[in-house]
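J.: Got a file for you: final-v1.cif, mmCIF, C-alpha atoms.
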data_model
#
loop_
_atom_site.label_atom_id
_atom_site.label_comp_id
_atom_site.auth_asym_id
_atom_site.auth_seq_id
_atom_site.Cartn_x
_atom_site.Cartn_y
_atom_site.Cartn_z
CA MET A 23 -15.90 19.83 -25.51
CA SER A 24 -15.44 23.50 -26.41
CA LYS A 25 -12.21 25.40 -25.92
CA ASP A 26 -13.43 27.10 -22.75
CA SER A 27 -14.30 23.94 -20.85
CA HIS A 28 -12.18 21.22 -19.29
CA TYR A 29 -12.41 17.90 -17.51
CA LEU A 30 -11.74 17.95 -13.78
CA PRO A 31 -11.55 15.04 -11.35
CA LEU A 32 -14.59 15.11 -9.09
CA THR A 33 -12.43 15.99 -6.08
CA LYS A 34 -11.52 19.30 -7.74
CA VAL A 35 -15.03 20.24 -8.79
CA THR A 36 -16.55 22.77 -6.40
CA GLU A 37 -19.93 24.34 -5.77
CA GLY A 38 -20.80 27.04 -8.29
CA MET A 39 -19.02 25.50 -11.28
CA VAL A 40 -21.12 25.13 -14.43
CA LEU A 41 -21.49 21.86 -16.38
CA ALA A 42 -20.18 22.15 -19.93
CA GLU A 43 -21.71 18.84 -21.09
CA ASN A 44 -24.77 16.81 -20.23
CA LEU A 45 -24.09 14.33 -17.44
CA LEU A 46 -25.66 11.02 -18.43
CA ASP A 47 -26.47 7.89 -16.49
CA LYS A 48 -25.60 4.42 -17.72
CA VAL A 49 -28.59 4.11 -20.02
CA GLY A 50 -28.09 7.57 -21.48
CA HIS A 51 -30.69 9.49 -19.51
CA ILE A 52 -29.65 12.99 -18.56
CA LEU A 53 -28.84 13.23 -14.85
CA LEU A 54 -27.91 16.90 -15.05
CA PRO A 55 -28.17 19.01 -18.21
CA VAL A 56 -25.44 21.21 -19.70
CA GLY A 57 -25.46 24.67 -18.08
CA THR A 58 -26.38 23.40 -14.60
CA THR A 59 -24.69 25.34 -11.80
CA LEU A 60 -23.47 22.64 -9.44
CA THR A 61 -24.49 22.68 -5.77
CA THR A 62 -22.95 20.77 -2.87
CA SER A 63 -25.92 18.42 -2.69
CA MET A 64 -25.65 17.66 -6.43
CA LEU A 65 -21.95 16.90 -6.01
CA ASN A 66 -22.68 14.57 -3.10
CA ALA A 67 -25.31 12.79 -5.16
CA ILE A 68 -22.91 12.41 -8.10
CA THR A 69 -20.38 10.68 -5.85
CA HIS A 70 -22.85 7.85 -5.40
CA HIS A 71 -23.07 7.44 -9.17
CA GLN A 72 -19.38 6.52 -9.47
CA VAL A 73 -18.62 9.47 -11.72
CA TYR A 74 -14.95 10.42 -11.46
CA GLN A 75 -14.64 13.42 -13.76
CA LEU A 76 -16.88 16.22 -14.88
CA CYS A 77 -16.66 18.55 -17.85
CA VAL A 78 -17.12 22.06 -16.48
CA GLN A 79 -16.82 25.57 -17.93
CA MET A 80 -13.59 27.38 -17.20
CA ASP A 81 -13.52 30.74 -15.53
CA ASP A 82 -10.99 33.38 -16.61
CA ALA A 83 -8.38 32.32 -14.05
CA ASP A 84 -8.60 28.67 -15.19
CA ALA A 85 -8.38 29.71 -18.83
CA GLN A 86 -5.27 31.75 -18.13
CA GLU A 87 -3.73 28.89 -16.20
CA VAL A 88 -4.33 26.49 -19.10
CA LYS A 89 -2.94 28.99 -21.61
CA LYS A 90 0.17 29.45 -19.48
CA GLU A 91 0.73 25.67 -19.36
CA GLN A 92 0.31 25.40 -23.13
CA LEU A 93 2.80 28.20 -23.74
CA GLU A 94 5.29 26.43 -21.48
CA LYS A 95 4.82 23.21 -23.42
CA LEU A 96 5.49 25.03 -26.69
CA ALA A 97 8.59 26.64 -25.21
CA ARG A 98 9.95 23.22 -24.13
CA VAL A 99 9.88 21.77 -27.67
CA GLU A 100 13.22 23.27 -28.70
CA ARG A 101 14.92 21.86 -25.61
CA LEU A 102 13.43 18.38 -26.05
CA PHE A 103 14.86 18.11 -29.57
CA ARG A 104 18.27 19.58 -28.58
CA SER A 105 20.32 16.53 -29.63
CA GLN A 106 18.90 16.44 -33.15
CA ALA A 107 18.84 20.08 -34.22
CA GLY A 108 18.50 20.30 -38.00
CA LYS A 109 18.48 16.51 -38.45
CA GLU A 110 15.78 14.69 -40.39
CA PRO A 111 13.28 13.19 -39.75
CA ALA A 112 13.41 14.61 -36.19
CA SER A 113 12.99 18.16 -37.56
CA THR A 114 9.79 17.15 -39.34
CA LEU A 115 8.44 15.56 -36.16
CA LYS A 116 9.36 18.74 -34.30
CA GLN A 117 7.50 20.90 -36.83
CA TYR A 118 4.37 18.73 -36.52
CA LEU A 119 4.59 18.99 -32.75
CA ILE A 120 4.95 22.77 -32.86
CA HIS A 121 1.89 23.03 -35.11
CA TYR A 122 -0.01 20.78 -32.70
CA ARG A 123 0.97 22.86 -29.66
CA GLU A 124 0.15 26.13 -31.47
CA GLY A 125 -3.24 24.70 -32.44
CA GLN A 126 -3.99 24.03 -28.76
CA ILE A 127 -3.29 27.64 -27.85
CA GLN A 128 -5.46 29.39 -30.48
CA MET B 17 39.51 -9.35 -18.02
CA SER B 18 38.64 -8.20 -21.52
CA MET B 19 35.61 -6.05 -22.23
CA ASP B 20 33.85 -9.04 -23.77
CA ASP B 21 34.44 -11.26 -20.73
CA ASP B 22 33.30 -8.46 -18.52
CA HIS B 23 30.10 -8.05 -20.52
CA ARG B 24 29.48 -11.79 -20.45
CA SER B 25 29.88 -12.06 -16.69
CA GLN B 26 27.59 -9.07 -16.14
CA LEU B 27 24.97 -10.76 -18.29
CA ASP B 28 25.35 -14.02 -16.41
CA ALA B 29 24.90 -12.21 -13.12
CA ILE B 30 21.75 -10.58 -14.39
CA ILE B 31 20.37 -13.88 -15.63
CA ARG B 32 20.94 -15.35 -12.16
CA HIS B 33 19.13 -12.42 -10.58
CA ILE B 34 16.22 -12.60 -12.95
CA LYS B 35 15.68 -16.22 -12.03
CA ASP B 36 14.98 -14.85 -8.53
CA LEU B 37 12.42 -12.40 -9.81
CA PRO B 38 8.93 -13.20 -8.67
CA THR B 39 7.30 -15.22 -11.42
CA LEU B 40 3.93 -14.02 -12.54
CA PRO B 41 1.23 -15.52 -10.35
CA GLU B 42 -0.81 -18.22 -12.00
CA VAL B 43 -3.94 -16.13 -12.42
CA ALA B 44 -1.94 -13.35 -14.07
CA GLN B 45 -0.20 -15.80 -16.38
CA GLU B 46 -3.48 -17.37 -17.37
CA LEU B 47 -4.96 -13.97 -18.00
CA LEU B 48 -2.04 -12.83 -20.16
CA ILE B 49 -2.25 -15.97 -22.29
CA GLU B 50 -6.00 -15.57 -22.57
CA LEU B 51 -5.49 -11.94 -23.61
CA ASP B 52 -3.19 -12.93 -26.46
CA ASN B 53 -5.83 -15.29 -27.76
CA GLU B 54 -7.94 -13.29 -30.20
CA ASP B 55 -10.93 -15.57 -29.75
CA SER B 56 -11.18 -15.21 -25.98
CA SER B 57 -14.63 -13.99 -25.11
CA LEU B 58 -15.53 -10.95 -23.11
CA GLU B 59 -17.39 -13.27 -20.80
CA SER B 60 -14.41 -15.44 -19.90
CA ILE B 61 -12.18 -12.37 -19.40
CA SER B 62 -14.84 -10.73 -17.22
CA GLU B 63 -15.01 -13.85 -15.07
CA LYS B 64 -11.28 -13.79 -14.45
CA ILE B 65 -11.23 -10.07 -13.69
CA ALA B 66 -13.98 -10.56 -11.14
CA MET B 67 -11.63 -12.83 -9.18
CA ASP B 68 -9.33 -9.89 -8.49
CA HIS B 69 -10.83 -7.04 -6.47
CA ALA B 70 -8.15 -4.48 -7.20
CA LEU B 71 -8.43 -5.13 -10.91
CA THR B 72 -12.21 -4.97 -10.77
CA ALA B 73 -12.05 -1.54 -9.15
CA LYS B 74 -9.69 -0.25 -11.84
CA VAL B 75 -11.83 -1.53 -14.69
CA LEU B 76 -14.91 0.11 -13.19
CA LYS B 77 -13.09 3.39 -12.68
CA LEU B 78 -11.91 3.42 -16.27
CA ALA B 79 -15.41 2.73 -17.55
CA ASN B 80 -16.64 5.66 -15.47
CA SER B 81 -13.96 8.09 -16.60
CA SER B 82 -14.99 10.67 -19.12
CA HIS B 83 -12.66 9.83 -22.00
CA PHE B 84 -13.36 6.12 -22.15
CA GLY B 85 -16.80 6.05 -20.60
CA PHE B 86 -19.60 8.50 -21.03
CA ASN B 87 -19.93 10.08 -17.61
CA SER B 88 -22.31 7.27 -16.91
CA ARG B 89 -22.63 4.99 -13.94
CA VAL B 90 -21.17 1.58 -14.58
CA VAL B 91 -21.44 -0.91 -11.75
CA THR B 92 -20.67 -4.38 -13.02
CA ILE B 93 -17.66 -5.82 -14.78
CA GLN B 94 -19.91 -7.09 -17.56
CA GLN B 95 -21.25 -3.58 -18.21
CA ALA B 96 -17.78 -2.09 -18.02
CA ALA B 97 -16.36 -4.68 -20.41
CA ALA B 98 -19.17 -4.11 -22.90
CA LEU B 99 -18.72 -0.34 -22.69
CA LEU B 100 -14.94 -0.27 -22.95
CA GLY B 101 -14.60 -3.10 -25.45
CA VAL B 102 -12.32 -6.10 -25.33
CA GLN B 103 -9.24 -4.18 -26.42
CA ASN B 104 -9.31 -1.55 -23.67
CA ILE B 105 -10.06 -4.15 -21.02
CA LYS B 106 -7.19 -6.33 -22.15
CA ASN B 107 -4.80 -3.39 -22.11
CA LEU B 108 -5.85 -2.29 -18.66
CA ILE B 109 -5.21 -5.78 -17.32
CA ARG B 110 -1.78 -5.89 -18.96
CA MET B 111 -0.80 -2.58 -17.36
CA THR B 112 -2.11 -3.53 -13.94
CA ILE B 113 -0.30 -6.85 -13.94
CA MET B 114 3.01 -5.33 -15.01
CA ILE B 115 2.95 -2.26 -12.77
CA ASN B 116 2.40 -4.40 -9.69
CA ARG B 117 5.14 -6.90 -10.50
CA PHE B 118 8.26 -5.06 -9.45
CA PRO B 119 9.38 -4.51 -5.88
CA ILE B 120 10.18 -0.90 -5.00
CA SER B 121 13.85 -0.32 -5.71
CA HIS B 122 16.15 1.71 -3.49
CA CYS B 123 17.68 3.60 -6.36
CA ALA B 124 17.35 7.17 -5.16
CA ASN B 125 17.58 8.83 -8.54
CA PHE B 126 15.23 6.63 -10.50
CA ASP B 127 11.87 8.19 -11.27
CA PHE B 128 9.37 5.31 -11.11
CA ARG B 129 6.43 7.54 -11.81
CA GLY B 130 8.15 8.94 -14.87
CA PHE B 131 9.04 5.43 -16.01
CA TRP B 132 5.44 4.24 -15.92
CA ARG B 133 4.08 7.47 -17.37
CA HIS B 134 6.41 6.93 -20.34
CA SER B 135 5.61 3.22 -20.70
CA ILE B 136 1.84 3.63 -20.51
CA ALA B 137 1.86 6.49 -23.01
CA THR B 138 4.14 4.57 -25.41
CA ALA B 139 1.80 1.57 -25.21
CA ASN B 140 -1.17 3.71 -26.16
CA CYS B 141 0.73 5.64 -28.81
CA ALA B 142 2.01 2.41 -30.44
CA GLU B 143 -1.52 1.05 -30.52
CA ILE B 144 -2.88 4.26 -32.05
CA ILE B 145 -0.14 4.22 -34.73
CA SER B 146 -0.73 0.56 -35.55
CA ARG B 147 -4.43 1.28 -35.90
CA ALA B 148 -3.64 4.14 -38.30
CA LEU B 149 -1.53 1.67 -40.31
CA HIS B 150 -4.23 -1.03 -40.19
CA MET B 151 -1.87 -3.41 -38.44
CA LYS B 152 -2.81 -5.92 -35.79
CA HIS B 153 -2.81 -3.76 -32.67
CA ASP B 154 -2.95 -6.32 -29.93
CA PHE B 155 0.81 -6.73 -29.68
CA ALA B 156 1.48 -3.06 -30.34
CA PHE B 157 0.18 -2.12 -26.92
CA THR B 158 2.11 -4.80 -25.07
CA ALA B 159 5.30 -4.05 -27.01
CA GLY B 160 4.99 -0.35 -26.21
CA LEU B 161 4.29 -1.06 -22.56
CA LEU B 162 7.31 -3.35 -22.19
CA HIS B 163 9.89 -1.82 -24.53
CA ASP B 164 11.88 -0.36 -21.61
CA ILE B 165 11.13 -3.08 -19.04
CA GLY B 166 14.85 -3.90 -18.85
CA ARG B 167 15.33 -0.59 -17.04
CA LEU B 168 13.23 -1.90 -14.17
CA VAL B 169 15.31 -5.06 -14.07
CA LEU B 170 18.55 -3.07 -13.86
CA VAL B 171 17.27 -0.60 -11.32
CA THR B 172 15.79 -3.36 -9.17
CA TYR B 173 18.98 -5.41 -8.94
CA TYR B 174 21.66 -2.78 -9.37
CA PRO B 175 20.27 0.32 -7.65
CA LEU B 176 23.71 1.77 -6.86
CA GLU B 177 25.11 1.28 -10.34
CA TYR B 178 21.91 2.61 -11.86
CA ALA B 179 22.10 5.75 -9.74
CA GLU B 180 25.54 6.26 -11.34
CA VAL B 181 24.02 5.71 -14.78
CA ILE B 182 21.50 8.46 -14.12
CA ASN B 183 24.20 10.81 -12.85
CA TYR B 184 26.31 10.14 -15.92
CA LYS B 185 23.31 10.79 -18.17
CA ASN B 186 22.54 14.10 -16.47
CA LEU B 187 26.16 15.24 -16.53
CA ASN B 188 26.68 14.36 -20.18
CA ASP B 189 23.16 15.06 -21.40
CA CYS B 190 23.16 11.81 -23.38
CA GLU B 191 20.54 9.13 -23.91
CA LEU B 192 20.08 6.70 -21.01
CA ILE B 193 21.10 3.74 -23.14
CA ALA B 194 24.51 5.32 -23.79
CA ALA B 195 24.95 5.95 -20.06
CA GLU B 196 24.00 2.36 -19.26
CA ARG B 197 26.56 1.01 -21.70
CA HIS B 198 29.23 3.33 -20.37
CA ILE B 199 28.72 2.62 -16.66
CA MET B 200 27.37 -0.95 -16.60
CA GLN B 201 28.62 -2.36 -19.92
CA ILE B 202 25.15 -3.72 -20.48
CA ASP B 203 21.91 -1.90 -21.29
CA HIS B 204 18.18 -2.16 -20.73
CA ILE B 205 17.78 -4.02 -24.02
CA ASP B 206 19.97 -6.92 -22.83
CA ALA B 207 18.15 -7.02 -19.50
CA GLY B 208 14.71 -6.69 -21.12
CA LEU B 209 15.38 -9.60 -23.46
CA ILE B 210 16.42 -11.85 -20.61
CA LEU B 211 13.19 -11.02 -18.80
CA ALA B 212 11.19 -11.51 -22.02
CA GLN B 213 12.67 -15.00 -22.28
CA GLN B 214 11.90 -15.79 -18.67
CA TRP B 215 8.32 -14.51 -18.83
CA HIS B 216 7.59 -16.03 -22.27
CA PHE B 217 6.77 -12.83 -24.11
CA ALA B 218 5.57 -13.18 -27.73
CA GLU B 219 8.19 -12.98 -30.50
CA ALA B 220 6.77 -9.69 -31.77
CA VAL B 221 7.23 -8.15 -28.33
CA LYS B 222 10.79 -9.48 -28.07
CA ASP B 223 11.65 -7.96 -31.45
CA ALA B 224 10.25 -4.63 -30.36
CA ILE B 225 12.32 -4.69 -27.16
CA LYS B 226 15.42 -5.72 -29.07
CA TRP B 227 15.24 -3.21 -31.89
CA HIS B 228 13.37 -0.21 -30.54
CA HIS B 229 16.55 1.88 -30.55
CA ASP B 230 17.78 0.49 -33.84
CA PRO B 231 14.86 -0.44 -36.11
CA ASP B 232 16.78 -0.40 -39.43
CA ILE B 233 17.65 -4.10 -39.39
CA LYS B 234 16.09 -6.10 -42.22
CA GLY B 235 13.64 -8.89 -41.43
CA ILE B 236 12.53 -7.76 -37.97
CA HIS B 237 8.90 -7.62 -36.93
CA ALA B 238 6.92 -4.66 -38.31
CA LEU B 239 6.16 -3.58 -34.74
CA ALA B 240 9.74 -2.53 -34.02
CA PRO B 241 9.59 0.67 -36.14
CA VAL B 242 6.13 1.41 -34.69
CA VAL B 243 7.46 1.24 -31.12
CA HIS B 244 10.56 3.21 -32.15
CA VAL B 245 8.46 6.11 -33.46
CA ALA B 246 5.93 5.87 -30.59
CA ASN B 247 8.83 6.09 -28.12
CA ALA B 248 10.15 9.24 -29.82
CA ILE B 249 6.67 10.81 -29.90
CA VAL B 250 6.10 10.18 -26.20
CA HIS B 251 9.48 11.72 -25.34
CA ALA B 252 8.55 14.68 -27.56
CA LEU B 253 5.16 15.05 -25.85
CA ASP B 254 7.09 15.38 -22.57
CA ILE B 255 4.75 12.96 -20.83
CA ALA B 256 7.24 11.55 -18.31
CA GLN B 257 7.64 15.11 -16.92
CA GLU B 258 11.37 14.71 -16.43
CA GLU B 259 13.40 17.88 -16.38
CA ASN B 260 16.12 16.44 -18.64
CA GLU B 261 13.76 14.81 -21.11
CA LEU B 262 15.40 14.24 -24.49
CA VAL B 263 13.94 13.03 -27.79
CA PRO B 264 16.15 10.08 -28.81
CA LEU B 265 17.65 9.63 -32.25
CA LEU B 266 14.82 9.11 -34.73
CA SER B 267 15.45 6.60 -37.53
CA GLU B 268 14.72 7.82 -41.05
CA HIS B 269 14.04 4.26 -42.14
CA ALA B 270 11.40 3.73 -39.43
CA TRP B 271 9.83 7.13 -40.15
CA ASP B 272 9.61 6.37 -43.89
CA THR B 273 8.29 2.86 -43.25
CA LEU B 274 5.33 4.30 -41.33
CA GLY B 275 4.74 6.92 -44.03
CA LEU B 276 2.17 8.91 -42.03
CA ASN B 277 1.36 12.55 -42.84
CA GLU B 278 1.12 15.61 -40.61
CA GLU B 279 -2.62 15.37 -40.11
CA GLU B 280 -2.28 11.77 -38.98
CA TYR B 281 0.56 12.60 -36.60
CA VAL B 282 -1.33 15.48 -35.03
CA ALA B 283 -4.31 13.16 -34.46
CA ILE B 284 -1.91 10.63 -32.89
CA PHE B 285 -0.45 13.31 -30.53
CA LYS B 286 -3.90 14.35 -29.42
CA GLU B 287 -5.28 10.85 -28.88
CA THR B 288 -2.14 9.78 -27.00
CA GLU B 289 -2.40 12.74 -24.59
CA MET B 290 -6.12 12.26 -24.00
CA ARG B 291 -5.90 8.53 -23.38
CA PHE B 292 -2.90 8.99 -21.14
CA GLU B 293 -4.73 11.54 -18.97
CA ALA B 294 -7.65 9.17 -18.45
CA LEU B 295 -5.38 6.24 -17.54
CA ASN B 296 -3.03 8.30 -15.42
CA GLN B 297 -5.77 9.06 -12.92
CA ILE B 298 -6.47 5.39 -12.46
CA LEU B 299 -3.12 3.66 -12.57
CA ILE B 300 -0.31 5.75 -11.21
#
The structure in this file should be written as structure tokens.
T.:
Amino acid sequence: MSKDSHYLPLTKVTEGMVLAENLLDKVGHILLPVGTTLTTSMLNAITHHQVYQLCVQMDDADAQEVKKEQLEKLARVERLFRSQAGKEPASTLKQYLIHYREGQIQ
Amino acid sequence: MSMDDDHRSQLDAIIRHIKDLPTLPEVAQELLIELDNEDSSLESISEKIAMDHALTAKVLKLANSSHFGFNSRVVTIQQAAALLGVQNIKNLIRMTIMINRFPISHCANFDFRGFWRHSIATANCAEIISRALHMKHDFAFTAGLLHDIGRLVLVTYYPLEYAEVINYKNLNDCELIAAERHIMQIDHIDAGLILAQQWHFAEAVKDAIKWHHDPDIKGIHALAPVVHVANAIVHALDIAQEENELVPLLSEHAWDTLGLNEEEYVAIFKETEMRFEALNQILI
């Protein structure tokens, strides 16, 4: 999955979204290829295949929303570790977590 | 009455209450025993799952979710079991059985959703850590899932007192266990161990419940430090989504015992979050 795509539950996938990964059936045949622009009839058909999530490309608004969430998560780290400021090994764990959160944002 | 007598009588009262707790139904008990048996076949587990419609639906959903499955259509339990593997199937059953066991409590301040979010994520995180350490991971999941189960016991039977515990915690910004000891004189470890006895949990799981806040004791099961660190990680990942979330005291001894490096921890954070998201949509 590339940085500019995300998994959405089928109920949140709407007409016009673009598949970011091949959608496969149970034996590995491609039902819909990557890059397909989804239509209402495709989405109805998918429902009958018991698929619950799809990997779709993000538009700019989605991307901004995700970035905002990730920045909020990074900002929370300091507060979460408030009782162990400067103590080891909690400080090391905190550093690892900050690096992880920063890596998600880039 | 002295503090000790007080503590003793509280414990006795809890033991009496726990004897009233619904015992696990026979099918669930059989399944849990079967799950702990390493040699149990996928076939025999599949057969038992098929007897429970709600469980069947959950297993199929998980197999069809993108993280565990492959966006493919899975229609039978046998296919789902083969796709997910024995381990994932076993874990899903454990979670389903436990989550459905407790009656809804009338403790206004207790966040059930947050409780299960934390427990499910800790179960997965403990399993991921034990895999990184090449330990046996079967018990790691169960131990992570049940490490805080005593909280549910307390909140189920003492909803009013537990509401006070939560208030005290919020006012003093302390760990829940400290608030429990202050208000109720007993804590979720005491209550969890009584339940573990009653429900015949494995020794490894009991040790993890007993020592997950204090894993520096010599001679305890190697899972206790794993659950201790997994618990801290899940608090740090903010998975319960509680406003006053707090990373509990992290033991240097447990941290050093695991001896994992940054790259391994970052992989553990990522895998824990991804697995949790997939399960969250199915279970809670």
J.: Taking all atoms listed in the file into account, which of A:Ser27, A:Gln86, A:Ser63, A:Ser113 comes nearest chain B?
T.: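 Of A:Ser27, A:Gln86, A:Ser63, A:Ser113, the one nearest chain B is A:Ser113, counting all atoms listed in the file.
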J.: Mind telling me what the PyMOL selection byres ((chain B) within 9 of (chain A)) catches here, as a VMD selection string?
T.: chain B and resid 76 to 77 80 to 82 86 to 91 189 to 190 248 to 249 251 to 254 260 to 268 271 to 272 278 to 279 281 to 283 285 to 286 297
J.: Of the candidates B:Ala73, B:Ile236, B:Ile105, B:Ala220, which one gets nearest to Thr158 (chain B) if we count all atoms listed in the file?
T.: B:Ala220
J.: Between B:Ile113, B:Asn277, B:Val75, B:Asp21, which is the closest to Leu47 (chain B) once you count all atoms listed in the file?
T.: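 For Leu47 (chain B), the nearest of the candidates is B:Ile113.
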J.: With only C-alpha atoms as the basis for distance, which of B:Thr273, B:Asn247, B:Ser121, B:Ser57 is at the shortest distance from Tyr173 (chain B)?
T.: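 That would be B:Ser121, the residue with the smallest distance to Tyr173 (chain B).
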J.: Pick from A:Leu32, A:Val56, A:Leu93, A:Val88: nearest to Glu124 (chain A), with all atoms listed in the file counted?
T.: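 Ranking A:Leu32, A:Val56, A:Leu93, A:Val88 by distance to Glu124 (chain A), first place goes to A:Leu93.
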J.: Quick one: distance from CA of Asp84 (chain A) to CA of Val40 (chain A) in Å, one decimal?
T.: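 Atom-to-atom, CA of Asp84 (chain A) and CA of Val40 (chain A) are spaced 13.0 Å apart.
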J.: Taking all atoms listed in the file into account, name the residue in B:Leu168, B:Leu100, B:Leu58, B:Ala159 that is nearest to Trp227 (chain B).
T.: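 Going through B:Leu168, B:Leu100, B:Leu58, B:Ala159 one by one, the smallest distance to Trp227 (chain B) is for B:Ala159.
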J.: Quick check, in Å to one decimal: how far apart do CA of Ala107 (chain A) and CA of Asp230 (chain B) lie?
T.: 19.6 Å
J.: Please return region 118-130 of chain B, rebuilt to N, CA, C and O atoms, as a short mmCIF file (atom, residue, chain, number, x, y, z; two decimals), keeping the file's coordinate frame.
T.:
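Okay, selection12.cif is ready:
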data_model
loop_
_atom_site.label_atom_id
_atom_site.label_comp_id
_atom_site.auth_asym_id
_atom_site.auth_seq_id
_atom_site.Cartn_x
_atom_site.Cartn_y
_atom_site.Cartn_z
N PHE B 118 6.90 -5.35 -9.89
CA PHE B 118 8.26 -5.06 -9.45
C PHE B 118 8.32 -4.50 -8.04
O PHE B 118 7.56 -3.62 -7.70
N PRO B 119 9.22 -5.05 -7.23
CA PRO B 119 9.38 -4.51 -5.88
C PRO B 119 9.93 -3.10 -5.98
O PRO B 119 10.60 -2.76 -6.96
N ILE B 120 9.66 -2.26 -5.00
CA ILE B 120 10.18 -0.90 -5.00
C ILE B 120 11.70 -0.96 -4.86
O ILE B 120 12.23 -1.62 -3.98
N SER B 121 12.39 -0.29 -5.75
CA SER B 121 13.85 -0.32 -5.71
C SER B 121 14.35 0.82 -4.83
O SER B 121 13.68 1.82 -4.63
N HIS B 122 15.58 0.66 -4.33
CA HIS B 122 16.15 1.71 -3.49
C HIS B 122 17.12 2.57 -4.28
O HIS B 122 18.10 3.05 -3.76
N CYS B 123 16.85 2.73 -5.54
CA CYS B 123 17.68 3.60 -6.36
C CYS B 123 17.12 5.02 -6.25
O CYS B 123 16.06 5.33 -6.78
N ALA B 124 17.86 5.85 -5.52
CA ALA B 124 17.35 7.17 -5.16
C ALA B 124 17.00 8.02 -6.37
O ALA B 124 16.03 8.77 -6.35
N ASN B 125 17.78 7.89 -7.43
CA ASN B 125 17.58 8.83 -8.54
C ASN B 125 16.60 8.37 -9.60
O ASN B 125 16.32 9.10 -10.54
N PHE B 126 16.11 7.16 -9.45
CA PHE B 126 15.23 6.63 -10.50
C PHE B 126 13.80 7.11 -10.29
O PHE B 126 13.25 7.00 -9.20
N ASP B 127 13.22 7.63 -11.36
CA ASP B 127 11.87 8.19 -11.27
C ASP B 127 10.85 7.14 -11.73
O ASP B 127 10.57 7.02 -12.92
N PHE B 128 10.32 6.37 -10.77
CA PHE B 128 9.37 5.31 -11.11
C PHE B 128 8.13 5.85 -11.80
O PHE B 128 7.62 5.29 -12.75
N ARG B 129 7.65 6.97 -11.25
CA ARG B 129 6.43 7.54 -11.81
C ARG B 129 6.67 7.91 -13.27
O ARG B 129 5.86 7.61 -14.14
N GLY B 130 7.81 8.55 -13.51
CA GLY B 130 8.15 8.94 -14.87
C GLY B 130 8.28 7.73 -15.78
O GLY B 130 7.85 7.75 -16.92
#
